[in-house]
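Everything below belongs to upload17.txt, which stores compact mmCIF, C-alpha atoms.
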```txt
# COMPACT_ATOMS: atom_id res chain seq x y z
CA MET A 1 6.46 87.52 64.21
CA GLU A 2 3.72 85.04 64.45
CA ASP A 3 0.31 86.04 63.16
CA GLY A 4 -1.66 83.30 64.83
CA GLY A 5 -3.37 82.05 61.68
CA GLY A 6 -1.04 79.18 61.04
CA ALA A 7 -0.42 78.44 64.66
CA GLY A 8 -4.10 77.93 65.31
CA ALA A 9 -4.13 74.68 63.46
CA ALA A 10 -1.32 73.18 65.46
CA SER A 11 -2.41 74.03 68.97
CA ALA A 12 -5.49 75.68 70.40
CA PRO A 13 -4.81 79.31 71.35
CA PRO A 14 -6.08 80.52 74.69
CA GLY A 15 -9.24 82.33 73.55
CA VAL A 16 -10.59 79.80 71.08
CA PRO A 17 -13.08 77.22 72.36
CA ALA A 18 -11.57 73.75 72.62
CA GLY A 19 -14.40 71.80 71.06
CA LEU A 20 -13.94 73.14 67.52
CA SER A 21 -12.36 71.34 64.64
CA ALA A 22 -9.13 72.59 63.09
CA SER A 23 -10.82 74.38 60.20
CA GLN A 24 -13.37 76.02 62.49
CA ARG A 25 -10.60 77.12 64.77
CA ARG A 26 -8.71 78.62 61.87
CA ALA A 27 -11.82 80.43 60.71
CA GLU A 28 -12.42 81.75 64.20
CA LEU A 29 -8.85 82.98 64.48
CA ARG A 30 -9.00 84.66 61.11
CA ARG A 31 -12.24 86.37 62.01
CA ARG A 32 -10.84 87.64 65.28
CA LYS A 33 -7.70 88.85 63.65
CA LEU A 34 -9.71 90.78 61.13
CA LEU A 35 -11.76 92.31 63.89
CA MET A 36 -8.71 93.28 65.87
CA ASN A 37 -7.16 94.94 62.88
CA SER A 38 -10.24 96.82 61.77
CA GLU A 39 -9.27 99.93 63.58
CA GLU A 40 -5.79 99.81 62.23
CA ARG A 41 -7.14 99.57 58.73
CA ILE A 42 -9.51 102.48 59.19
CA ASN A 43 -6.61 104.53 60.52
CA ARG A 44 -4.61 103.72 57.45
CA ILE A 45 -7.50 104.58 55.18
CA MET A 46 -8.08 107.86 56.95
CA GLY A 47 -4.41 108.72 56.89
CA PHE A 48 -3.57 108.48 60.58
CA HIS A 49 -0.07 107.18 60.86
CA ARG A 50 1.48 106.10 64.09
CA PRO A 51 4.26 108.72 64.33
CA ALA A 52 1.95 111.51 63.23
CA ALA A 53 -0.64 110.48 65.74
CA GLY A 54 1.66 111.90 68.36
CA LYS A 55 2.69 110.90 71.80
CA ASP A 56 -0.57 112.01 73.27
CA ASP A 57 -2.29 109.13 71.61
CA GLU A 58 0.09 106.65 73.18
CA SER A 59 -1.79 106.29 76.40
CA HIS A 60 -5.05 106.37 74.51
CA THR A 61 -3.98 103.55 72.25
CA GLU A 62 -2.73 101.64 75.24
CA SER A 63 -6.06 101.90 76.96
CA ARG A 64 -7.87 100.92 73.83
CA LEU A 65 -5.65 97.92 73.35
CA GLN A 66 -6.30 96.99 76.93
CA HIS A 67 -9.98 97.38 76.30
CA GLU A 68 -9.85 95.21 73.23
CA GLN A 69 -7.94 92.57 75.07
CA ASP A 70 -10.48 92.60 77.83
CA LYS A 71 -13.27 92.42 75.35
CA SER A 72 -12.03 89.54 73.35
CA ASN A 73 -10.27 87.97 76.32
CA SER A 74 -7.93 86.23 73.97
CA LEU A 75 -5.32 86.66 71.28
CA PRO A 76 -2.77 88.93 72.84
CA ILE A 77 -0.46 88.31 69.90
CA PRO A 78 -2.23 90.45 67.26
CA SER A 79 -2.08 93.52 69.46
CA VAL A 80 1.65 93.08 69.81
CA THR A 81 2.10 92.50 66.11
CA LYS A 82 0.08 95.61 65.44
CA ARG A 83 2.52 97.62 67.48
CA ILE A 84 5.44 96.15 65.68
CA VAL A 85 4.01 96.70 62.25
CA LEU A 86 2.81 100.20 62.88
CA GLY A 87 5.19 101.48 65.47
CA ASP A 88 8.66 102.69 65.00
CA SER A 89 10.99 101.36 67.64
CA VAL A 90 12.63 104.70 68.42
CA CYS A 91 9.35 106.46 68.45
CA ASN A 92 7.88 103.85 70.68
CA LEU A 93 10.63 104.14 73.22
CA ALA A 94 10.35 107.88 73.22
CA GLY A 95 6.67 107.42 73.72
CA THR A 96 7.40 105.24 76.70
CA ALA A 97 9.68 107.82 78.20
CA ASP A 98 7.16 110.50 77.60
CA HIS A 99 4.55 108.28 79.12
CA ALA A 100 6.73 107.87 82.16
CA GLY A 101 7.33 111.58 82.41
CA SER A 102 3.70 112.40 82.21
CA MET A 103 2.90 109.83 84.80
CA VAL A 104 4.51 111.90 87.50
CA ASP A 105 1.66 114.30 87.19
CA LEU A 106 -1.03 111.70 87.00
CA LYS A 107 -3.00 111.13 90.15
CA GLY A 108 -3.47 107.72 91.58
CA ASP A 109 -3.58 105.66 88.44
CA LYS A 110 -2.16 102.58 89.96
CA ASP A 111 -2.80 100.28 87.02
CA LEU A 112 -1.09 102.62 84.71
CA PHE A 113 1.90 102.73 86.98
CA SER A 114 2.15 99.02 87.29
CA LYS A 115 2.22 98.79 83.54
CA THR A 116 5.41 100.76 83.15
CA PRO A 117 7.89 97.88 83.35
CA GLU A 118 5.84 95.95 80.83
CA LEU A 119 5.93 98.88 78.51
CA VAL A 120 9.66 99.11 78.86
CA ASN A 121 10.04 95.42 78.21
CA GLU A 122 7.79 95.73 75.25
CA GLY A 123 9.92 98.53 73.92
CA ALA A 124 13.01 96.43 74.38
CA SER A 125 11.47 93.46 72.62
CA GLU A 126 10.45 95.69 69.76
CA LEU A 127 14.01 96.86 69.51
CA ARG A 128 15.11 93.28 69.32
CA HIS A 129 12.62 92.65 66.56
CA ARG A 130 13.91 95.58 64.61
CA ASN A 131 17.50 94.62 65.04
CA ARG A 132 16.87 91.17 63.65
CA GLY A 133 14.54 92.44 60.96
CA GLU A 134 14.94 94.49 57.86
CA LEU A 135 15.52 97.91 59.41
CA PRO A 136 18.45 97.75 61.81
CA SER A 137 19.42 101.36 61.14
CA GLU A 138 16.32 102.58 62.95
CA ALA A 139 17.37 101.14 66.29
CA ALA A 140 17.76 103.60 69.15
CA PRO A 141 21.28 104.89 69.79
CA ARG A 142 23.05 103.58 72.88
CA PRO A 143 23.74 106.68 75.07
CA PRO A 144 20.11 107.97 75.22
CA ARG A 145 19.01 104.45 76.08
CA HIS A 146 21.43 104.46 79.01
CA GLY A 147 20.08 107.80 80.20
CA LEU A 148 16.60 106.47 79.85
CA ASP A 149 17.49 103.44 81.94
CA GLN A 150 18.90 105.68 84.63
CA TYR A 151 15.82 107.82 84.57
CA LEU A 152 13.56 104.79 84.68
CA SER A 153 15.40 103.32 87.64
CA ARG A 154 14.82 106.54 89.53
CA PHE A 155 11.30 106.63 88.37
CA ASP A 156 10.83 103.10 89.66
CA GLU A 157 11.93 104.28 93.06
CA ALA A 158 9.39 107.07 92.92
CA LEU A 159 6.75 104.59 91.90
CA LYS A 160 7.58 102.33 94.81
CA LEU A 161 7.00 105.12 97.27
CA ARG A 162 3.87 106.12 95.50
CA ASN A 163 2.52 102.59 95.49
CA GLN A 164 3.37 102.33 99.16
CA LEU A 165 1.39 105.47 99.83
CA MET A 166 -1.45 104.23 97.66
CA ASN A 167 -1.59 101.03 99.68
CA GLU A 168 -1.89 103.06 102.82
CA LYS A 169 -4.70 105.10 101.39
CA PRO A 170 -7.58 102.59 101.32
CA SER A 171 -7.41 102.07 105.06
CA GLN A 172 -7.86 105.79 105.52
CA GLU A 173 -10.57 106.20 102.95
CA ASN A 174 -13.13 104.38 105.08
CA GLY A 175 -14.17 107.63 106.66
CA ASN A 176 -13.65 110.34 104.12
CA ALA A 177 -14.74 113.29 106.20
CA VAL A 178 -12.83 112.21 109.27
CA GLU A 179 -9.84 111.27 107.18
CA GLU A 180 -7.55 113.88 108.64
CA PHE A 181 -9.45 114.57 111.83
CA ASP A 182 -8.60 111.31 113.49
CA SER A 183 -9.43 110.73 117.12
CA PHE A 184 -6.07 111.87 118.41
CA ARG A 185 -6.26 115.14 116.50
CA ILE A 186 -9.72 115.89 117.85
CA PHE A 187 -8.51 114.99 121.31
CA ARG A 188 -5.61 117.40 120.95
CA LEU A 189 -7.78 120.27 119.80
CA VAL A 190 -10.36 119.76 122.50
CA GLY A 191 -7.63 119.41 125.11
CA CYS A 192 -6.04 122.69 123.99
CA ALA A 193 -9.34 124.53 124.14
CA LEU A 194 -10.13 123.15 127.62
CA LEU A 195 -6.65 123.97 128.86
CA ALA A 196 -6.99 127.53 127.58
CA ILE A 197 -10.23 127.93 129.55
CA ALA A 198 -8.66 126.46 132.67
CA VAL A 199 -5.55 128.59 132.32
CA ARG A 200 -7.61 131.74 131.88
CA ALA A 201 -9.67 130.87 134.93
CA PHE A 202 -6.96 129.75 137.36
CA VAL A 203 -3.35 129.77 136.21
CA CYS A 204 -2.58 132.90 134.21
CA LYS A 205 -2.25 135.10 137.28
CA TYR A 206 0.77 133.14 138.38
CA LEU A 207 2.38 131.88 135.20
CA SER A 208 2.96 132.62 131.54
CA ILE A 209 0.19 131.13 129.42
CA PHE A 210 2.69 129.25 127.24
CA ALA A 211 4.05 127.15 130.09
CA PRO A 212 0.91 124.99 130.50
CA PHE A 213 0.70 124.72 126.73
CA LEU A 214 4.22 123.30 126.50
CA THR A 215 3.43 120.86 129.29
CA LEU A 216 0.36 119.76 127.39
CA GLN A 217 2.41 119.18 124.23
CA LEU A 218 4.82 117.01 126.21
CA ALA A 219 1.87 115.05 127.52
CA TYR A 220 0.56 114.60 123.99
CA MET A 221 3.91 113.29 122.83
CA GLY A 222 3.67 110.61 125.49
CA LEU A 223 0.01 109.91 124.90
CA SER A 224 0.31 109.50 121.16
CA LYS A 225 1.52 105.93 121.70
CA TYR A 226 -1.76 104.91 123.22
CA PHE A 227 -3.88 106.12 120.35
CA PRO A 228 -4.48 104.01 117.26
CA LYS A 229 -1.74 104.71 114.79
CA CYS A 230 -3.53 106.62 112.11
CA GLU A 231 -0.93 107.40 109.50
CA LYS A 232 -0.97 110.93 108.27
CA LYS A 233 -2.02 111.30 104.70
CA VAL A 234 1.26 112.21 103.09
CA LYS A 235 0.59 114.45 100.16
CA THR A 236 2.13 112.97 97.06
CA THR A 237 2.68 116.26 95.41
CA VAL A 238 4.77 117.14 92.43
CA LEU A 239 7.30 118.43 94.96
CA THR A 240 7.68 114.98 96.51
CA ALA A 241 8.07 113.40 93.10
CA ALA A 242 10.60 116.05 92.09
CA LEU A 243 12.62 115.49 95.25
CA LEU A 244 12.60 111.76 94.64
CA LEU A 245 13.65 112.14 91.05
CA SER A 246 16.45 114.50 92.06
CA GLY A 247 18.02 111.66 93.99
CA ILE A 248 17.07 112.37 97.60
CA PRO A 249 16.28 109.07 99.36
CA ALA A 250 12.62 108.37 99.99
CA GLU A 251 13.26 107.74 103.66
CA VAL A 252 14.77 111.18 104.20
CA ILE A 253 11.86 112.81 102.44
CA SER A 254 9.25 110.91 104.41
CA ARG A 255 11.05 111.65 107.68
CA SER A 256 11.28 115.36 107.00
CA MET A 257 7.66 115.39 105.92
CA ASP A 258 6.78 113.72 109.21
CA THR A 259 8.69 116.34 111.20
CA TYR A 260 7.11 119.10 109.18
CA SER A 261 3.62 117.75 109.83
CA LYS A 262 4.36 117.47 113.57
CA MET A 263 5.43 121.09 113.66
CA GLY A 264 2.27 121.98 111.82
CA ASP A 265 0.21 120.13 114.42
CA VAL A 266 1.86 122.00 117.28
CA PHE A 267 1.26 125.29 115.54
CA THR A 268 -2.39 124.42 115.02
CA ASP A 269 -2.71 123.54 118.70
CA LEU A 270 -1.09 126.82 119.67
CA CYS A 271 -3.48 128.77 117.49
CA VAL A 272 -6.52 127.04 118.97
CA TYR A 273 -5.16 127.50 122.47
CA PHE A 274 -4.40 131.18 122.00
CA PHE A 275 -7.71 131.89 120.26
CA THR A 276 -9.69 130.21 123.04
CA PHE A 277 -7.69 132.02 125.67
CA ILE A 278 -8.28 135.46 124.15
CA PHE A 279 -11.92 134.60 123.51
CA CYS A 280 -12.43 133.60 127.16
CA HIS A 281 -10.58 136.67 128.30
CA GLU A 282 -12.82 138.93 126.26
CA LEU A 283 -15.94 137.12 127.51
CA ILE A 284 -14.80 137.57 131.10
CA LEU A 285 -14.12 141.23 130.43
CA VAL A 286 -17.55 141.73 128.91
CA PHE A 287 -19.66 139.72 131.34
CA GLY A 288 -17.54 139.66 134.45
CA SER A 289 -16.23 142.39 136.63
CA GLU A 290 -12.69 141.06 136.81
CA VAL A 291 -9.99 143.53 135.86
CA PRO A 292 -6.68 141.98 134.80
CA MET B 1 -23.59 111.52 72.39
CA ARG B 2 -23.42 108.98 75.19
CA ALA B 3 -26.94 107.85 74.48
CA GLU B 4 -26.07 107.51 70.85
CA ILE B 5 -23.07 105.36 71.69
CA GLN B 6 -25.21 103.24 73.97
CA ASN B 7 -27.75 102.79 71.22
CA MET B 8 -25.08 101.81 68.77
CA LYS B 9 -23.62 99.36 71.23
CA GLN B 10 -27.00 97.82 71.72
CA GLU B 11 -27.39 97.57 68.00
CA LEU B 12 -23.97 96.01 67.79
CA SER B 13 -24.95 93.36 70.28
CA THR B 14 -27.92 92.42 68.14
CA ILE B 15 -25.83 91.97 65.00
CA SER B 16 -24.33 88.57 64.40
CA MET B 17 -20.61 88.89 63.90
CA MET B 18 -20.45 85.79 61.74
CA ASP B 19 -23.32 86.52 59.40
CA GLU B 20 -23.01 90.26 58.95
CA PHE B 21 -19.37 90.92 59.50
CA ALA B 22 -19.12 93.99 57.28
CA ARG B 23 -21.99 95.71 59.01
CA TYR B 24 -20.61 94.74 62.39
CA ALA B 25 -17.17 96.13 61.62
CA ARG B 26 -18.61 99.33 60.19
CA LEU B 27 -20.69 99.90 63.28
CA GLU B 28 -17.79 99.13 65.53
CA ARG B 29 -15.64 101.69 63.77
CA LYS B 30 -18.42 104.19 64.09
CA ILE B 31 -18.62 103.49 67.83
CA ASN B 32 -14.87 103.90 68.19
CA LYS B 33 -14.93 107.18 66.34
CA MET B 34 -17.80 108.46 68.40
CA THR B 35 -16.11 107.37 71.64
CA ASP B 36 -12.98 109.26 70.64
CA LYS B 37 -15.02 112.34 69.94
CA LEU B 38 -16.77 112.02 73.30
CA LYS B 39 -13.47 111.68 75.09
CA THR B 40 -12.17 114.80 73.41
CA HIS B 41 -15.28 116.71 74.44
CA VAL B 42 -15.05 115.50 78.03
CA LYS B 43 -11.38 116.40 78.19
CA ALA B 44 -12.05 119.87 76.87
CA ARG B 45 -14.88 120.44 79.32
CA THR B 46 -12.85 119.19 82.27
CA ALA B 47 -10.00 121.47 81.31
CA GLN B 48 -12.35 124.42 81.08
CA LEU B 49 -13.87 123.68 84.49
CA ALA B 50 -10.45 123.35 86.05
CA LYS B 51 -9.45 126.66 84.56
CA ILE B 52 -12.53 128.40 85.92
CA LYS B 53 -11.93 126.91 89.35
CA TRP B 54 -8.34 128.00 89.26
CA VAL B 55 -9.26 131.56 88.33
CA ILE B 56 -11.87 131.73 91.11
CA ASN B 57 -9.34 130.45 93.62
CA ILE B 58 -6.76 132.96 92.54
CA VAL B 59 -9.25 135.82 92.74
CA PHE B 60 -10.32 134.68 96.18
CA TYR B 61 -6.74 134.52 97.41
CA ILE B 62 -5.97 137.94 96.01
CA LEU B 63 -9.04 139.38 97.74
CA GLN B 64 -8.09 137.74 101.00
CA ALA B 65 -4.55 139.03 100.78
CA ALA B 66 -5.77 142.52 99.96
CA LEU B 67 -8.15 142.45 102.92
CA MET B 68 -5.43 141.32 105.28
CA ILE B 69 -2.95 143.89 104.07
CA SER B 70 -5.52 146.65 104.38
CA LEU B 71 -6.43 145.52 107.91
CA ILE B 72 -2.80 145.40 108.96
CA TRP B 73 -2.21 148.78 107.31
CA LYS B 74 -5.14 150.35 109.09
CA TYR B 75 -4.69 148.85 112.55
CA TYR B 76 -0.97 148.28 112.72
CA SER B 77 -0.60 150.47 115.78
CA GLU B 78 -3.71 149.36 117.65
CA PRO B 79 -3.64 146.13 119.65
CA VAL B 80 -6.64 143.81 119.32
CA THR B 81 -6.62 143.34 123.06
CA VAL B 82 -4.23 144.02 125.88
CA LEU B 83 -3.15 141.45 128.43
CA PRO B 84 -0.70 141.76 131.27
CA SER B 85 2.68 141.41 129.60
CA LYS B 86 3.89 138.69 131.96
CA TRP B 87 1.07 136.43 130.76
CA LEU B 88 2.59 136.33 127.29
CA ALA B 89 6.22 135.99 128.34
CA PRO B 90 8.55 135.17 126.65
CA LEU B 91 6.75 135.85 123.36
CA GLU B 92 5.17 139.18 124.25
CA ARG B 93 7.13 141.10 121.59
CA LEU B 94 6.25 138.63 118.89
CA VAL B 95 2.59 138.63 119.84
CA ALA B 96 2.48 142.42 120.08
CA PHE B 97 4.10 142.97 116.67
CA PRO B 98 3.69 145.53 115.04
CA THR B 99 1.97 147.56 117.75
CA GLY B 100 4.88 147.69 120.15
CA VAL B 101 2.46 147.86 123.08
CA ALA B 102 3.65 145.69 125.97
CA GLY B 103 1.15 142.87 126.49
CA GLY B 104 -0.87 143.80 123.43
CA VAL B 105 -2.00 141.33 120.80
CA GLY B 106 -1.06 142.70 117.39
CA ILE B 107 -3.32 142.50 114.36
CA THR B 108 -0.83 140.31 112.45
CA CYS B 109 -0.70 137.64 115.10
CA TRP B 110 -4.46 137.76 115.51
CA LEU B 111 -5.07 137.37 111.79
CA VAL B 112 -2.80 134.35 111.63
CA VAL B 113 -4.54 132.74 114.59
CA CYS B 114 -7.99 133.47 113.21
CA ASN B 115 -7.05 132.10 109.80
CA LYS B 116 -5.92 128.86 111.31
CA VAL B 117 -8.96 128.49 113.56
CA VAL B 118 -11.38 129.21 110.74
CA ALA B 119 -9.56 126.71 108.53
CA ILE B 120 -9.95 124.07 111.24
CA MET B 121 -13.62 124.85 111.70
CA LEU B 122 -14.31 124.74 107.97
CA HIS B 123 -12.33 121.59 107.41
CA PRO B 124 -15.22 119.13 107.99
CA PHE B 125 -17.33 120.98 105.43
CA SER B 126 -14.71 121.18 102.74
```
Starting from the file, give its structure as structure tokens.
Amino acid sequence: MEDGGGAGAASAPPGVPAGLSASQRRAELRRRKLLMNSEERINRIMGFHRPAAGKDDESHTESRLQHEQDKSNSLPIPSVTKRIVLGDSVCNLAGTADHAGSMVDLKGDKDLFSKTPELVNEGASELRHRNRGELPSEAAPRPPRHGLDQYLSRFDEALKLRNQLMNEKPSQENGNAVEEFDSFRIFRLVGCALLAIAVRAFVCKYLSIFAPFLTLQLAYMGLSKYFPKCEKKVKTTVLTAALLLSGIPAEVISRSMDTYSKMGDVFTDLCVYFFTFIFCHELILVFGSEVP
Amino acid sequence: MRAEIQNMKQELSTISMMDEFARYARLERKINKMTDKLKTHVKARTAQLAKIKWVINIVFYILQAALMISLIWKYYSEPVTVLPSKWLAPLERLVAFPTGVAGGVGITCWLVVCNKVVAIMLHPFS
């Protein structure tokens, strides 16, 4: 555990300006260290201990640490030492797991997600510290750690899919309102409405109204290749995450979601088609003299 | 509270860290404490808003369901419109459910269709 005070004299740490003499550098380091630890001290004075602070504060502390690091733009070591001094290794790991569990419900916090492996590594390094240090009896027992690893590996898979989906999102977010109503969808709906009008006017006397609709759907299946591939916004719901965590491969889930959305599209088309057809029929009955 | 934090931050920026360290640290702690308090308030308010929204949604869905059930209950035997049955082949029975009238469009089917169409029409505004 290196506190940075003594090391400052030997080599210049990243955040300290290079032009200072050794004593000035040491003074600067000491001052920064004091500043970084001010919050910790006030917590001690006020009686907030790390385990009692609860797991809820974990993410909060993380964000604050991040903030402090951004602010000072240097000295990452004190923040780590603070964790080691204050934190209990078992508690910290549990906090990590809890963090991971709660992250399933979090929406779109990409940075937070990308931090997870670091957190795990940090937890592991803390364990190492503890094992070498004075309190080896506090180290986490082996079997839960194994379960945690298994869980985390699955969680990583879920994160990969989520990140993949998040990467797809920005391209769609250019037009927020037209996000789901892409050109092909509008084309489909308009085509269905026009076909319904045409069918009511000319075809329905000779044929079932669903036959032209099916033909139109076949045509759409062929035409979809010629429209810009606008990926459907796959809803990353809790259900998706739960399916992923239960061990179903991501590919199977995405494929079934794709099929499901296609069926939904056809049903939407059918509704529009049928509604327009009935609407036209009623209009003809009201204004025209045609009797079916 | 936000304004207060801003003010304190401004004050903090005017204080020299080197010369008046104690004052600086005290103020920084104060800012941290206040920020925590603000976050708690914001969290509580967001939770309350979400709860209200959820309740309104639930009430709306219940009303909608009640309206649909009452409509189906009242008009279950009357078709919305009647078409020649061969126009709707081979789904004429499904479309006519629960009226049983050949070529009729049942209230259930019509409600489903209308729901979907209205949802599509309202989509750009939601």
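Atom pair CA of Lys86 in chain B / CA of Lys205 in chain A: separated by 8.9 Å.
Relative to CA of Ser85 in chain B, CA of Tyr206 in chain A is found at 12.2 Å.
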Return as JSON, numbers by chain the residues belonging to chain B that are within 7 Å of chain A, counting all atoms listed in the file. {"B": [25, 29, 84, 86, 87, 88, 89, 113, 116, 117, 124]}
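Taking CA of Lys53 in chain B and CA of Asp182 in chain A as endpoints, the distance between them is 28.9 Å.
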Just want the 10 Å neighbourhood of range 70-81 of chain B, counted on all atoms listed in the file, with same-chain residues fewer than 4 positions away dropped. Output as a ChimeraX atom specification. /A:278,281-282 /B:64-66,95-111
